[in-house]
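Data block below; observations after.
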Amino acid sequence: MGDLKKTPLFDVYPRYGGKIIDFAGWALPVQYQGIVAEHEAVRNAAGIFDVSHMGEVEVKGKDALKFVQNIITNDASILENNQALYSPMCYENGGTVDDILVYKYADDYFYIVINAGNIDKDFKWMMDHKYNLAVDIVNISPDICEFAVQGPKAQMILQKIVNIDLEKIKFFYCERNVKVNNIDCMVSRTGYTGEDGFEIFCNAKDGESIWVKLLEVGKDDGLMPVGLGCRDTLRFEASLPLYGNELTEDISPLEAGIGFFVKLNKDEFIGKEALMKQKSQGLKRKIVGFEMKDRGIPRHGYKVQVNDEEIGVVTTGYKSPSLNKNIGLALVKAEYANLGKEIEIIIRNKGVKAEIIDKKFYKKNYKK
């Protein structure tokens with residue numbers, strides 16, 4: 001673990017029983033008390049995640065909007081100040097560079113949150129596509145501590161140590177200069193679990209005191225520290241894509257089923273021509289949901305077949321803690337992507353029966 005990068009909260013993990021793993025070059029807790037217990041805490045009460053491994057980039061200057069519009073597929077021109085949007089960034093061929101959150105602070109000031117394993121790649125991509133625009137792009141990731149408080153009791157718990165009425169922060173909006181435990185933070189109503197909740201951004205040196213205080217004031221309401229294990233099961237049940245699984249440099253956002261975030265009617269952006277062609281010609285592959293009909297748990301990378309023909313690959317699979325079913329997501333040939341279609345997942349060199357179902361496994365509980 002000596003060569004792994006550490007977040008500002010690394011020294012806190014052992015106090016709560018955190019089990020550390022290598023995640024994209026970071027030393028992070030996969031769990032504290034157990035993945036299922038932590039998953040259920042987020043669904044029924046609240047959990048707090050350290051997500052300081054995520055990257056943060058500031059984009060400032062009179063051409064900030066123009067720059068952002070060129071690198072994302074979504075439309076940042078519709079954003080109000082202190083509003084956020086989710087968007088893929090694409091290569092010229094339509095493959096995905098990353099999926100990111102873009103916050104608009106002002107017409108000339110955007111704040112972008114990127115995936116941990118892609119920080120260096122994404123920042124280089126942004127710099128390479130700065131061109132001659134009047135914009136300053138700064139990777140501030142090392143200076144930031146970020147954590148998420150998620151679950152039906154998240155607002156009630158966080159409200160105890162903030163100086164504003166959290167009810168006023170709408171879904172996918174943020175407030176800056178919020179006092180959290182008397183420390184300046186940016187607080188947004190966003191998350192990656194399918195539940196209501198908040199993400200908190202502060203100076204790296206202040207993260208530990210806020211983390212400890214939140215767990216102290218939230219203990220009686222069921223707040224638990226939760227790890228990467230349940231972060232994955234939670235986002236998967238809510239059918240939220242994970243870069244490296246449902247989105248890759250070889251999987252476009254259209255193939256991943258998130259075409260809603262691709263605005264082909266806006267001005268030019270990187271990848272637009274390829275995505276328009278892909279849409280007009282019809283998708284050759286699609287991400288689908290499936291449920292196992294015979295015993296077996298699907299895992300990332302398992303092959304999918306029909307009548308001995310390989311038709312795709314599992315991108316994510318679990319025994320769902322909330323649904324108590326063995327389910328998965330898979331990238332398959334489009335002609336097989338029909339609800340009710342019987343498929344086989346190859347588990348230990350044996351075809352195990354499954355059926356394609358709606359990939360909206362779990363009803364999201366966002367507060368809108």
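Following the order of the structure tokens, chains are lettered A, B, ..., residues in each are numbered from 1, and ligands are numbered from 1.
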Quick one: contact table of stretch 101-187 of chain A to stretch 266-281 of chain A, 12 Å max, nearest atom pair and distance in Å to one decimal per residue, counting only C-alpha atoms, chain and number order, as CSV?
```
residue,atom,partner,partner_atom,distance
A:Trp125,CA,A:Ile270,CA,11.1
A:Met126,CA,A:Ile270,CA,11.3
A:His129,CA,A:Ile270,CA,9.3
```
task: Step one, run DSSP on the backbone; step two, keep only residues of stretch 116-239 of chain A assigned to helix (DSSP H, G or I); then write them as a ChimeraX atom specification.
output: /A:116-128,141-143,154-159,166-168,204-221,228-237
Go ahead and save the picked residues with N, CA and C atoms, as a compact mmCIF listing (two decimals), in the first residue's frame.
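Below is the file that was written, selection.txt:
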```txt
# COMPACT_ATOMS: atom_id res chain seq x y z
N ALA A 116 -11.82 9.23 -10.61
CA ALA A 116 -10.49 9.11 -10.00
C ALA A 116 -9.45 8.52 -10.93
N GLY A 117 -9.81 7.43 -11.61
CA GLY A 117 -8.85 6.75 -12.47
C GLY A 117 -8.54 7.51 -13.74
N ASN A 118 -9.28 8.61 -13.98
CA ASN A 118 -9.14 9.35 -15.24
C ASN A 118 -8.58 10.76 -15.05
N ILE A 119 -8.17 11.12 -13.85
CA ILE A 119 -7.79 12.51 -13.58
C ILE A 119 -6.72 13.00 -14.55
N ASP A 120 -5.62 12.29 -14.63
CA ASP A 120 -4.52 12.75 -15.49
C ASP A 120 -4.93 12.75 -16.95
N LYS A 121 -5.61 11.67 -17.36
CA LYS A 121 -6.06 11.56 -18.76
C LYS A 121 -7.03 12.68 -19.11
N ASP A 122 -8.01 12.92 -18.23
CA ASP A 122 -9.02 13.94 -18.50
C ASP A 122 -8.41 15.34 -18.55
N PHE A 123 -7.53 15.61 -17.59
CA PHE A 123 -6.93 16.94 -17.55
C PHE A 123 -6.11 17.19 -18.82
N LYS A 124 -5.37 16.18 -19.25
CA LYS A 124 -4.60 16.32 -20.50
C LYS A 124 -5.54 16.53 -21.68
N TRP A 125 -6.65 15.79 -21.70
CA TRP A 125 -7.63 15.92 -22.77
C TRP A 125 -8.17 17.36 -22.80
N MET A 126 -8.47 17.90 -21.64
CA MET A 126 -8.97 19.27 -21.58
C MET A 126 -7.92 20.26 -22.08
N MET A 127 -6.70 20.10 -21.63
CA MET A 127 -5.63 21.01 -22.04
C MET A 127 -5.37 20.90 -23.54
N ASP A 128 -5.44 19.69 -24.07
CA ASP A 128 -5.20 19.48 -25.50
C ASP A 128 -6.30 20.12 -26.36
N SER A 141 -7.42 19.05 -7.76
CA SER A 141 -7.75 17.81 -7.05
C SER A 141 -6.98 17.61 -5.75
N PRO A 142 -5.66 17.85 -5.71
CA PRO A 142 -4.92 17.60 -4.46
C PRO A 142 -5.35 18.49 -3.30
N ASP A 143 -6.02 19.60 -3.61
CA ASP A 143 -6.40 20.55 -2.56
C ASP A 143 -7.78 20.29 -1.98
N ALA A 154 -30.20 11.72 5.12
CA ALA A 154 -29.02 12.54 4.87
C ALA A 154 -29.26 14.01 5.19
N GLN A 155 -30.38 14.55 4.74
CA GLN A 155 -30.64 15.97 4.97
C GLN A 155 -30.79 16.27 6.45
N MET A 156 -31.55 15.45 7.14
CA MET A 156 -31.77 15.67 8.56
C MET A 156 -30.45 15.67 9.34
N ILE A 157 -29.55 14.77 8.99
CA ILE A 157 -28.27 14.66 9.70
C ILE A 157 -27.36 15.83 9.37
N LEU A 158 -27.20 16.12 8.08
CA LEU A 158 -26.30 17.20 7.67
C LEU A 158 -26.82 18.55 8.17
N GLN A 159 -28.14 18.69 8.24
CA GLN A 159 -28.73 19.97 8.68
C GLN A 159 -28.24 20.37 10.07
N LEU A 166 -31.06 23.40 4.15
CA LEU A 166 -30.75 22.49 3.05
C LEU A 166 -31.94 22.23 2.14
N GLU A 167 -33.13 22.48 2.64
CA GLU A 167 -34.34 22.30 1.83
C GLU A 167 -34.30 23.18 0.58
N LYS A 168 -33.55 24.28 0.66
CA LYS A 168 -33.49 25.23 -0.45
C LYS A 168 -32.57 24.77 -1.58
N ALA A 204 -8.70 20.33 1.72
CA ALA A 204 -8.21 19.03 2.15
C ALA A 204 -7.93 18.98 3.65
N LYS A 205 -7.42 20.05 4.22
CA LYS A 205 -7.04 20.06 5.64
C LYS A 205 -8.24 20.03 6.57
N ASP A 206 -9.44 20.34 6.04
CA ASP A 206 -10.63 20.43 6.89
C ASP A 206 -11.51 19.20 6.85
N GLY A 207 -11.20 18.25 5.97
CA GLY A 207 -12.09 17.12 5.76
C GLY A 207 -12.29 16.25 6.99
N GLU A 208 -11.21 15.96 7.70
CA GLU A 208 -11.30 15.03 8.83
C GLU A 208 -12.24 15.54 9.90
N SER A 209 -12.16 16.82 10.23
CA SER A 209 -13.00 17.33 11.33
C SER A 209 -14.48 17.28 10.96
N ILE A 210 -14.81 17.54 9.69
CA ILE A 210 -16.21 17.47 9.26
C ILE A 210 -16.70 16.02 9.28
N TRP A 211 -15.88 15.10 8.77
CA TRP A 211 -16.22 13.67 8.75
C TRP A 211 -16.54 13.17 10.16
N VAL A 212 -15.65 13.45 11.08
CA VAL A 212 -15.80 12.98 12.46
C VAL A 212 -17.06 13.59 13.09
N LYS A 213 -17.29 14.87 12.86
CA LYS A 213 -18.46 15.54 13.44
C LYS A 213 -19.76 14.96 12.88
N LEU A 214 -19.79 14.72 11.58
CA LEU A 214 -21.00 14.16 10.99
C LEU A 214 -21.33 12.79 11.57
N LEU A 215 -20.32 11.94 11.71
CA LEU A 215 -20.58 10.62 12.28
C LEU A 215 -21.01 10.72 13.74
N GLU A 216 -20.54 11.73 14.42
CA GLU A 216 -20.94 11.95 15.82
C GLU A 216 -22.41 12.37 15.91
N VAL A 217 -22.81 13.36 15.10
CA VAL A 217 -24.18 13.87 15.20
C VAL A 217 -25.18 12.95 14.51
N GLY A 218 -24.70 12.07 13.62
CA GLY A 218 -25.60 11.19 12.89
C GLY A 218 -25.72 9.79 13.45
N LYS A 219 -24.93 9.50 14.48
CA LYS A 219 -24.89 8.13 15.01
C LYS A 219 -26.26 7.61 15.41
N ASP A 220 -27.01 8.40 16.16
CA ASP A 220 -28.31 7.94 16.66
C ASP A 220 -29.35 7.81 15.55
N ASP A 221 -29.08 8.42 14.39
CA ASP A 221 -30.01 8.33 13.26
C ASP A 221 -29.58 7.26 12.26
N LEU A 228 -16.35 1.56 -0.76
CA LEU A 228 -16.52 1.47 -2.21
C LEU A 228 -17.37 0.28 -2.64
N GLY A 229 -17.38 -0.78 -1.81
CA GLY A 229 -18.15 -1.97 -2.17
C GLY A 229 -19.62 -1.64 -2.33
N CYS A 230 -20.21 -0.99 -1.34
CA CYS A 230 -21.63 -0.68 -1.45
C CYS A 230 -21.88 0.51 -2.36
N ARG A 231 -20.88 1.35 -2.57
CA ARG A 231 -21.05 2.42 -3.56
C ARG A 231 -21.35 1.81 -4.93
N ASP A 232 -20.69 0.68 -5.22
CA ASP A 232 -20.91 0.02 -6.51
C ASP A 232 -22.25 -0.69 -6.56
N THR A 233 -22.64 -1.39 -5.49
CA THR A 233 -23.93 -2.08 -5.51
C THR A 233 -25.09 -1.08 -5.55
N LEU A 234 -24.93 0.05 -4.87
CA LEU A 234 -25.98 1.07 -4.86
C LEU A 234 -26.16 1.71 -6.24
N ARG A 235 -25.05 2.12 -6.85
CA ARG A 235 -25.17 2.78 -8.17
C ARG A 235 -25.66 1.78 -9.20
N PHE A 236 -25.26 0.51 -9.06
CA PHE A 236 -25.67 -0.52 -10.01
C PHE A 236 -27.18 -0.76 -9.94
N GLU A 237 -27.73 -0.89 -8.74
CA GLU A 237 -29.18 -1.07 -8.61
C GLU A 237 -29.94 0.09 -9.22
```
message: Could you check the closest approach to A:Met89 for each of A:Lys359, A:Lys263, A:Arg348, A:Lys19 and tell me which residue wins, using only C-alpha atoms?
response: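 Ranking A:Lys359, A:Lys263, A:Arg348, A:Lys19 by distance to A:Met89, first place goes to A:Lys263.
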Identify, on the basis of only C-alpha atoms, every residue whose closest approach to A:Asn307 does not exceed 12 Å; exclude the query and any residue fewer than 3 positions from it along the same chain; express the result as a PDB file with C-alpha atoms, in the first residue's frame.
```pdb
ATOM      1  CA  VAL A 304     -23.086 -13.660 -22.836  1.00  0.00           C
ATOM      2  CA  GLU A 310     -21.308 -15.095 -28.197  1.00  0.00           C
ATOM      3  CA  ILE A 311     -23.422 -11.934 -28.265  1.00  0.00           C
ATOM      4  CA  TYR A 336     -30.786  -9.537 -29.050  1.00  0.00           C
ATOM      5  CA  GLU A 342     -33.569 -15.636 -22.933  1.00  0.00           C
ATOM      6  CA  ILE A 343     -29.772 -15.496 -22.826  1.00  0.00           C
ATOM      7  CA  GLU A 344     -26.993 -17.440 -21.152  1.00  0.00           C
ATOM      8  CA  ILE A 345     -24.224 -16.098 -18.938  1.00  0.00           C
ATOM      9  CA  GLY A 351     -24.034 -21.478 -19.804  1.00  0.00           C
ATOM     10  CA  VAL A 352     -26.456 -20.364 -17.080  1.00  0.00           C
ATOM     11  CA  LYS A 353     -29.951 -19.179 -18.057  1.00  0.00           C
TER      12      LYS A 353
END
```
message: Taking only stretch 95-136 of chain A into account, list the residues labelled strand (DSSP E or B) by DSSP (computed from the backbone), as a PyMOL selection string.
response: chain A and resi 96-106+109-114+136
query: Quick one: residues within 12 Å of stretch 295-302 of chain A, only C-alpha atoms counted, chain neighbours fewer than 2 positions away excluded, as a VMD selection string?
result: chain A and resid 236 242 244 to 246 289 to 293 304 to 305 310 to 320 324 to 332 344 to 354
- prompt: If we count only C-alpha atoms, what is near A:Cys202 at a cut-off of 6 Å, once residues fewer than 3 positions away on the same chain are taken out, given as an MDAnalysis selection string?
  reply: chainID A and resid 144:145 185
Which residues of stretch 187-261 of chain A sit at most 6 Å from stretch 35-49 of chain A, using only C-alpha atoms? Give each one's shortest atom pair and distance in Å (one decimal place), in chain and ascending residue order, as a tab-separated table.
```
residue	atom	partner	partner_atom	distance
A:Gly222	CA	A:Ala45	CA	5.7
A:Leu223	CA	A:Ala46	CA	4.8
A:Met224	CA	A:Gly47	CA	4.8
A:Pro225	CA	A:Ile48	CA	4.9
A:Val226	CA	A:Phe49	CA	5.4
A:Gly229	CA	A:Ile35	CA	5.7
A:Cys230	CA	A:His39	CA	5.1
```
Skip A:Ile161 itself and residues of its chain fewer than 5 positions away, then list as a PDB file with C-alpha atoms, in the first residue's frame all residues within 8 Å of it, counting only C-alpha atoms.
```pdb
ATOM      1  CA  LYS A 179     -20.565  26.670   6.810  1.00  0.00           C
ATOM      2  CA  VAL A 180     -20.373  22.962   7.614  1.00  0.00           C
ATOM      3  CA  ASN A 181     -19.163  22.517  11.183  1.00  0.00           C
ATOM      4  CA  ASN A 182     -18.123  26.197  10.868  1.00  0.00           C
ATOM      5  CA  LEU A 214     -20.998  14.160  10.987  1.00  0.00           C
TER       6      LEU A 214
END
```
query: Quick one, how far is atom CA of A:Ile137 from atom CA of A:Val57?
result: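 Atom CA of A:Ile137 sits 6.8 Å away from atom CA of A:Val57.
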Do you know which residues are at most 7 Å from A:Arg189 counting only C-alpha atoms, after dropping those on the same chain fewer than 2 positions away, and could you put them as a compact mmCIF listing (two decimals) with N, CA, C and O atoms, in the first residue's frame?
```
# COMPACT_ATOMS: atom_id res chain seq x y z
N ILE A 169 -31.73 23.77 -1.31
CA ILE A 169 -30.87 23.25 -2.37
C ILE A 169 -31.65 22.19 -3.16
O ILE A 169 -31.95 21.12 -2.64
N LYS A 170 -31.97 22.52 -4.40
CA LYS A 170 -32.73 21.59 -5.23
C LYS A 170 -31.80 20.53 -5.82
O LYS A 170 -30.58 20.66 -5.82
N PHE A 171 -32.41 19.48 -6.36
CA PHE A 171 -31.67 18.39 -6.98
C PHE A 171 -30.79 18.92 -8.10
O PHE A 171 -31.24 19.65 -8.98
N PHE A 172 -29.52 18.56 -8.06
CA PHE A 172 -28.51 19.00 -9.02
C PHE A 172 -28.28 20.51 -9.00
O PHE A 172 -27.93 21.13 -10.00
N TYR A 173 -28.41 21.09 -7.81
CA TYR A 173 -27.97 22.45 -7.54
C TYR A 173 -26.97 22.41 -6.39
O TYR A 173 -26.86 21.40 -5.66
N CYS A 174 -26.27 23.51 -6.20
CA CYS A 174 -25.29 23.59 -5.12
C CYS A 174 -25.35 24.96 -4.47
O CYS A 174 -25.94 25.90 -5.02
N VAL A 187 -21.65 22.70 -1.09
CA VAL A 187 -22.56 21.58 -0.83
C VAL A 187 -23.51 21.45 -2.02
O VAL A 187 -24.16 22.42 -2.42
N GLY A 197 -29.45 12.93 -1.21
CA GLY A 197 -28.21 13.11 -0.48
C GLY A 197 -27.42 14.31 -0.98
O GLY A 197 -27.87 15.06 -1.86
N PHE A 198 -26.26 14.47 -0.39
CA PHE A 198 -25.43 15.64 -0.66
C PHE A 198 -23.98 15.23 -0.85
O PHE A 198 -23.52 14.23 -0.29
N GLU A 199 -23.27 16.04 -1.64
CA GLU A 199 -21.83 15.90 -1.75
C GLU A 199 -21.21 17.20 -1.24
O GLU A 199 -21.70 18.30 -1.54
```
query: Using only C-alpha atoms, which of the listed residues (A:Tyr366, A:Lys66, A:Ser52, A:Ile356) sits closest to A:Gly191?
result: A:Tyr366
